[in-house]
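J.: Have a look at the structure that comes next, please.
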Amino acid sequence: MDQIANMINMVKNAGRAKHEFVVVPHSKVKFAIAECLVKEGYLKNVAKKTKKGFPVIEVELVYAEDGTPKISGVDRVSKSSCRVYKGVKDIKRSYGLTILSTSKGILTEKEARKEMVGGEVLFKIW
């Protein structure tokens with residue numbers, strides 16, 4: 001099972017169901033992705049907690065004034081069966097936000113261009 005795809009789909013589906021929070025299993029990569037989404041305004045808050053002795057990530061969702069969720073769609077680009085890598089010159093602006101795993105951590109496409117690093121394209125979110 002692809003844990004990153006599972007997390008972003010849980011967040012998208014929780015937004016569609018109008019939930020205030022969603023709880024996902026903890027990992028360092030998923031926590032870094034959630035922090036990146038908070039910084040970009042797609043999530044309100046993220047916190048590491050423990051439930052029944054296991055570490056989890058509690059994510060608070062963001063909604064527009066009319067009640068629509070901020071996250072309306074996600075697209076997993078790099079999968080375990082087909083990894084997609086982009087050099088810094090190949091990273092283009094796109095609709096929404098593209099998240100990359102780079103040598104400098106989890107970055108958006110804008111931050112990756114600024115830092116002059118390429119990496120694995122994890123997913124696109126809008």
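Within each chain, counting starts at residue 1; across the structure tokens, chains are named A, B, ... in the order shown, with ligands numbered 1 upward in that order.
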What are the DSSP helix (DSSP H, G or I) residues of chain A, as an MDAnalysis selection string?

T.: chainID A and resid 3:16 28:39 88:90 109:115

J.: Take the selection from the previous step and output its residues with N, CA, C and O atoms, as a short mmCIF file (atom, residue, chain, number, x, y, z; two decimals), in the first residue's frame.

T.:
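Everything below was put into again.cif:
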data_model
loop_
_atom_site.label_atom_id
_atom_site.label_comp_id
_atom_site.auth_asym_id
_atom_site.auth_seq_id
_atom_site.Cartn_x
_atom_site.Cartn_y
_atom_site.Cartn_z
N GLN A 3 1.62 4.59 1.23
CA GLN A 3 1.23 5.35 2.42
C GLN A 3 1.00 6.83 2.14
O GLN A 3 0.13 7.45 2.75
N ILE A 4 1.77 7.42 1.22
CA ILE A 4 1.59 8.84 0.90
C ILE A 4 0.27 9.05 0.17
O ILE A 4 -0.50 9.96 0.48
N ALA A 5 -0.03 8.20 -0.80
CA ALA A 5 -1.30 8.28 -1.51
C ALA A 5 -2.47 8.06 -0.56
O ALA A 5 -3.50 8.74 -0.66
N ASN A 6 -2.30 7.14 0.36
CA ASN A 6 -3.34 6.88 1.36
C ASN A 6 -3.60 8.13 2.19
O ASN A 6 -4.75 8.50 2.43
N MET A 7 -2.53 8.81 2.64
CA MET A 7 -2.69 10.00 3.46
C MET A 7 -3.39 11.13 2.70
O MET A 7 -4.34 11.73 3.21
N ILE A 8 -2.94 11.42 1.49
CA ILE A 8 -3.54 12.55 0.78
C ILE A 8 -4.99 12.27 0.38
O ILE A 8 -5.82 13.17 0.36
N ASN A 9 -5.30 11.00 0.11
CA ASN A 9 -6.70 10.66 -0.18
C ASN A 9 -7.56 10.72 1.07
O ASN A 9 -8.73 11.11 0.99
N MET A 10 -7.03 10.37 2.22
CA MET A 10 -7.77 10.50 3.48
C MET A 10 -8.10 11.96 3.76
O MET A 10 -9.22 12.29 4.16
N VAL A 11 -7.15 12.84 3.51
CA VAL A 11 -7.36 14.28 3.73
C VAL A 11 -8.40 14.82 2.75
O VAL A 11 -9.31 15.56 3.13
N LYS A 12 -8.30 14.43 1.48
CA LYS A 12 -9.27 14.88 0.47
C LYS A 12 -10.67 14.39 0.79
O LYS A 12 -11.64 15.16 0.77
N ASN A 13 -10.80 13.11 1.16
CA ASN A 13 -12.11 12.54 1.45
C ASN A 13 -12.70 13.13 2.73
O ASN A 13 -13.91 13.32 2.82
N ALA A 14 -11.86 13.42 3.72
CA ALA A 14 -12.36 14.05 4.95
C ALA A 14 -12.89 15.45 4.66
O ALA A 14 -13.89 15.88 5.25
N GLY A 15 -12.25 16.16 3.75
CA GLY A 15 -12.75 17.48 3.36
C GLY A 15 -14.09 17.40 2.66
O GLY A 15 -14.99 18.20 2.92
N ARG A 16 -14.24 16.42 1.80
CA ARG A 16 -15.52 16.24 1.11
C ARG A 16 -16.64 15.85 2.07
O ARG A 16 -17.80 16.17 1.85
N LYS A 28 7.82 10.17 9.30
CA LYS A 28 8.52 11.45 9.15
C LYS A 28 8.18 12.11 7.82
O LYS A 28 8.02 13.33 7.74
N VAL A 29 8.06 11.33 6.76
CA VAL A 29 7.77 11.89 5.44
C VAL A 29 6.36 12.47 5.41
O VAL A 29 6.14 13.59 4.91
N LYS A 30 5.38 11.74 5.94
CA LYS A 30 4.01 12.24 5.95
C LYS A 30 3.88 13.49 6.81
O LYS A 30 3.15 14.41 6.45
N PHE A 31 4.61 13.55 7.92
CA PHE A 31 4.57 14.74 8.78
C PHE A 31 5.19 15.93 8.04
O PHE A 31 4.66 17.05 8.10
N ALA A 32 6.29 15.71 7.30
CA ALA A 32 6.92 16.79 6.54
C ALA A 32 5.99 17.27 5.42
O ALA A 32 5.91 18.48 5.15
N ILE A 33 5.28 16.36 4.78
CA ILE A 33 4.32 16.74 3.74
C ILE A 33 3.20 17.57 4.34
O ILE A 33 2.81 18.60 3.79
N ALA A 34 2.67 17.14 5.49
CA ALA A 34 1.59 17.88 6.14
C ALA A 34 2.05 19.27 6.55
O ALA A 34 1.31 20.25 6.39
N GLU A 35 3.28 19.40 7.07
CA GLU A 35 3.80 20.72 7.43
C GLU A 35 3.93 21.62 6.21
O GLU A 35 3.65 22.82 6.27
N CYS A 36 4.33 21.05 5.08
CA CYS A 36 4.44 21.81 3.84
C CYS A 36 3.07 22.30 3.39
O CYS A 36 2.92 23.44 2.95
N LEU A 37 2.05 21.46 3.52
CA LEU A 37 0.69 21.84 3.14
C LEU A 37 0.12 22.89 4.08
O LEU A 37 -0.67 23.75 3.66
N VAL A 38 0.51 22.86 5.35
CA VAL A 38 0.09 23.91 6.29
C VAL A 38 0.72 25.23 5.89
O VAL A 38 0.06 26.28 5.86
N LYS A 39 2.00 25.20 5.55
CA LYS A 39 2.72 26.42 5.15
C LYS A 39 2.11 27.05 3.91
O LYS A 39 2.08 28.28 3.78
N VAL A 88 15.98 20.50 -11.83
CA VAL A 88 15.53 21.86 -11.51
C VAL A 88 15.07 22.59 -12.77
O VAL A 88 14.12 23.38 -12.71
N LYS A 89 15.66 22.31 -13.92
CA LYS A 89 15.26 22.97 -15.16
C LYS A 89 13.95 22.43 -15.71
O LYS A 89 13.29 23.09 -16.52
N ASP A 90 13.56 21.24 -15.29
CA ASP A 90 12.33 20.62 -15.77
C ASP A 90 11.11 20.93 -14.91
O ASP A 90 10.00 20.59 -15.28
N GLU A 109 7.21 23.07 -5.63
CA GLU A 109 7.97 23.34 -6.86
C GLU A 109 8.61 24.72 -6.82
O GLU A 109 9.72 24.92 -7.31
N LYS A 110 7.96 25.69 -6.20
CA LYS A 110 8.51 27.04 -6.11
C LYS A 110 9.76 27.06 -5.23
O LYS A 110 10.78 27.66 -5.59
N GLU A 111 9.70 26.37 -4.09
CA GLU A 111 10.86 26.30 -3.19
C GLU A 111 12.01 25.53 -3.84
O GLU A 111 13.18 25.89 -3.65
N ALA A 112 11.69 24.47 -4.60
CA ALA A 112 12.74 23.68 -5.26
C ALA A 112 13.46 24.52 -6.32
O ALA A 112 14.69 24.44 -6.43
N ARG A 113 12.72 25.32 -7.07
CA ARG A 113 13.36 26.20 -8.05
C ARG A 113 14.22 27.23 -7.34
O ARG A 113 15.33 27.55 -7.79
N LYS A 114 13.76 27.77 -6.23
CA LYS A 114 14.52 28.76 -5.47
C LYS A 114 15.80 28.16 -4.90
O LYS A 114 16.86 28.79 -4.92
N GLU A 115 15.73 26.93 -4.39
CA GLU A 115 16.89 26.24 -3.83
C GLU A 115 17.78 25.61 -4.89
O GLU A 115 18.85 25.09 -4.58
#

J.: Would you return as a list in words the members of region 36-97 of chain A that DSSP assigns to strand (DSSP E) on this structure's backbone?

T.: Leu43, Lys44, Asn45, Val46, Ala47, Lys48, Lys49, Thr50, Lys51, Phe54, Pro55, Val56, Ile57, Glu58, Val59, Glu60, Leu61, Val74, Asp75, Arg76, Tyr85, Lys86 and Leu97 of chain A

J.: Could you save those same residues with N, CA and C atoms as a PDB file, in the first residue's frame?

T.:
ATOM      1  N   LEU A  43      -3.817  23.195   4.555  1.00  0.00           N
ATOM      2  CA  LEU A  43      -4.253  22.647   5.829  1.00  0.00           C
ATOM      3  C   LEU A  43      -4.120  23.735   6.886  1.00  0.00           C
ATOM      4  N   LYS A  44      -4.932  23.630   7.942  1.00  0.00           N
ATOM      5  CA  LYS A  44      -4.888  24.645   8.991  1.00  0.00           C
ATOM      6  C   LYS A  44      -3.812  24.364  10.025  1.00  0.00           C
ATOM      7  N   ASN A  45      -3.727  23.125  10.476  1.00  0.00           N
ATOM      8  CA  ASN A  45      -2.788  22.781  11.534  1.00  0.00           C
ATOM      9  C   ASN A  45      -2.466  21.296  11.456  1.00  0.00           C
ATOM     10  N   VAL A  46      -1.277  20.942  11.966  1.00  0.00           N
ATOM     11  CA  VAL A  46      -0.866  19.546  12.017  1.00  0.00           C
ATOM     12  C   VAL A  46      -0.185  19.315  13.356  1.00  0.00           C
ATOM     13  N   ALA A  47      -0.471  18.161  13.977  1.00  0.00           N
ATOM     14  CA  ALA A  47       0.121  17.859  15.282  1.00  0.00           C
ATOM     15  C   ALA A  47       0.389  16.363  15.384  1.00  0.00           C
ATOM     16  N   LYS A  48       1.501  16.035  16.053  1.00  0.00           N
ATOM     17  CA  LYS A  48       1.828  14.630  16.312  1.00  0.00           C
ATOM     18  C   LYS A  48       1.233  14.264  17.659  1.00  0.00           C
ATOM     19  N   LYS A  49       0.460  13.184  17.694  1.00  0.00           N
ATOM     20  CA  LYS A  49      -0.187  12.727  18.921  1.00  0.00           C
ATOM     21  C   LYS A  49      -0.014  11.226  19.053  1.00  0.00           C
ATOM     22  N   THR A  50      -0.450  10.694  20.174  1.00  0.00           N
ATOM     23  CA  THR A  50      -0.418   9.256  20.402  1.00  0.00           C
ATOM     24  C   THR A  50      -1.836   8.779  20.684  1.00  0.00           C
ATOM     25  N   LYS A  51      -2.274   7.762  19.952  1.00  0.00           N
ATOM     26  CA  LYS A  51      -3.592   7.161  20.171  1.00  0.00           C
ATOM     27  C   LYS A  51      -3.409   5.663  20.335  1.00  0.00           C
ATOM     28  N   PHE A  54       0.094   4.281  19.738  1.00  0.00           N
ATOM     29  CA  PHE A  54       0.730   4.426  18.427  1.00  0.00           C
ATOM     30  C   PHE A  54       0.794   5.901  18.051  1.00  0.00           C
ATOM     31  N   PRO A  55       1.910   6.323  17.441  1.00  0.00           N
ATOM     32  CA  PRO A  55       1.994   7.727  17.004  1.00  0.00           C
ATOM     33  C   PRO A  55       1.126   7.971  15.775  1.00  0.00           C
ATOM     34  N   VAL A  56       0.398   9.082  15.799  1.00  0.00           N
ATOM     35  CA  VAL A  56      -0.463   9.465  14.681  1.00  0.00           C
ATOM     36  C   VAL A  56      -0.266  10.949  14.390  1.00  0.00           C
ATOM     37  N   ILE A  57      -0.718  11.356  13.226  1.00  0.00           N
ATOM     38  CA  ILE A  57      -0.705  12.759  12.832  1.00  0.00           C
ATOM     39  C   ILE A  57      -2.150  13.226  12.784  1.00  0.00           C
ATOM     40  N   GLU A  58      -2.459  14.282  13.545  1.00  0.00           N
ATOM     41  CA  GLU A  58      -3.795  14.862  13.517  1.00  0.00           C
ATOM     42  C   GLU A  58      -3.753  16.114  12.653  1.00  0.00           C
ATOM     43  N   VAL A  59      -4.549  16.112  11.598  1.00  0.00           N
ATOM     44  CA  VAL A  59      -4.546  17.187  10.605  1.00  0.00           C
ATOM     45  C   VAL A  59      -5.861  17.940  10.697  1.00  0.00           C
ATOM     46  N   GLU A  60      -5.772  19.273  10.808  1.00  0.00           N
ATOM     47  CA  GLU A  60      -6.963  20.121  10.816  1.00  0.00           C
ATOM     48  C   GLU A  60      -7.162  20.687   9.414  1.00  0.00           C
ATOM     49  N   LEU A  61      -8.372  20.537   8.892  1.00  0.00           N
ATOM     50  CA  LEU A  61      -8.653  20.917   7.514  1.00  0.00           C
ATOM     51  C   LEU A  61      -9.067  22.379   7.390  1.00  0.00           C
ATOM     52  N   VAL A  74      -6.424  15.633  -5.838  1.00  0.00           N
ATOM     53  CA  VAL A  74      -5.025  15.239  -5.700  1.00  0.00           C
ATOM     54  C   VAL A  74      -4.691  14.265  -6.819  1.00  0.00           C
ATOM     55  N   ASP A  75      -3.409  14.260  -7.198  1.00  0.00           N
ATOM     56  CA  ASP A  75      -2.943  13.346  -8.239  1.00  0.00           C
ATOM     57  C   ASP A  75      -1.570  12.835  -7.829  1.00  0.00           C
ATOM     58  N   ARG A  76      -1.463  11.554  -7.538  1.00  0.00           N
ATOM     59  CA  ARG A  76      -0.183  10.942  -7.162  1.00  0.00           C
ATOM     60  C   ARG A  76       0.620  10.761  -8.442  1.00  0.00           C
ATOM     61  N   TYR A  85      11.144  11.585 -11.680  1.00  0.00           N
ATOM     62  CA  TYR A  85      12.122  12.543 -11.171  1.00  0.00           C
ATOM     63  C   TYR A  85      12.201  13.725 -12.124  1.00  0.00           C
ATOM     64  N   LYS A  86      12.401  14.912 -11.564  1.00  0.00           N
ATOM     65  CA  LYS A  86      12.552  16.124 -12.367  1.00  0.00           C
ATOM     66  C   LYS A  86      13.795  16.871 -11.915  1.00  0.00           C
ATOM     67  N   LEU A  97      -0.541  22.943  -6.616  1.00  0.00           N
ATOM     68  CA  LEU A  97       0.739  22.853  -5.929  1.00  0.00           C
ATOM     69  C   LEU A  97       1.352  21.490  -6.195  1.00  0.00           C
TER      70      LEU A  97
END

J.: Mind pulling up the distance from CA of Gly73 (chain A) to CA of Gly118 (chain A)?

T.: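 It comes out at 23.9 Å.
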
J.: Taking 6 positions as the minimum chain separation for residues in the same chain, which residues sit within 8 Å of region 100-104 of chain A when counting only C-alpha atoms? Answer as a list in words.

T.: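 Residues meeting the cut-off are Ala112, Val117, Gly118, Gly119, Glu120, Val121, Leu122 and Phe123 of chain A.
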
J.: Selection from above, N, CA, C and O atoms, as a short mmCIF file (atom, residue, chain, number, x, y, z; two decimals), in the first residue's frame, can you write it?

T.:
data_model
loop_
_atom_site.label_atom_id
_atom_site.label_comp_id
_atom_site.auth_asym_id
_atom_site.auth_seq_id
_atom_site.Cartn_x
_atom_site.Cartn_y
_atom_site.Cartn_z
N ALA A 112 11.69 24.47 -4.60
CA ALA A 112 12.74 23.68 -5.26
C ALA A 112 13.46 24.52 -6.32
O ALA A 112 14.69 24.44 -6.43
N VAL A 117 17.27 22.79 -6.69
CA VAL A 117 17.37 21.33 -6.55
C VAL A 117 16.20 20.67 -7.28
O VAL A 117 15.12 21.22 -7.37
N GLY A 118 16.45 19.49 -7.78
CA GLY A 118 15.41 18.67 -8.37
C GLY A 118 15.10 17.52 -7.43
O GLY A 118 15.68 17.43 -6.34
N GLY A 119 14.22 16.64 -7.83
CA GLY A 119 13.91 15.50 -6.98
C GLY A 119 12.74 14.69 -7.52
O GLY A 119 12.33 14.84 -8.67
N GLU A 120 12.22 13.85 -6.66
CA GLU A 120 11.09 12.99 -7.02
C GLU A 120 9.79 13.75 -6.86
O GLU A 120 9.52 14.33 -5.81
N VAL A 121 8.97 13.77 -7.90
CA VAL A 121 7.67 14.44 -7.85
C VAL A 121 6.70 13.52 -7.13
O VAL A 121 6.36 12.46 -7.65
N LEU A 122 6.28 13.89 -5.92
CA LEU A 122 5.41 13.03 -5.14
C LEU A 122 3.95 13.12 -5.60
O LEU A 122 3.35 12.11 -5.96
N PHE A 123 3.37 14.33 -5.59
CA PHE A 123 1.99 14.49 -5.99
C PHE A 123 1.68 15.93 -6.31
O PHE A 123 2.45 16.84 -5.98
#
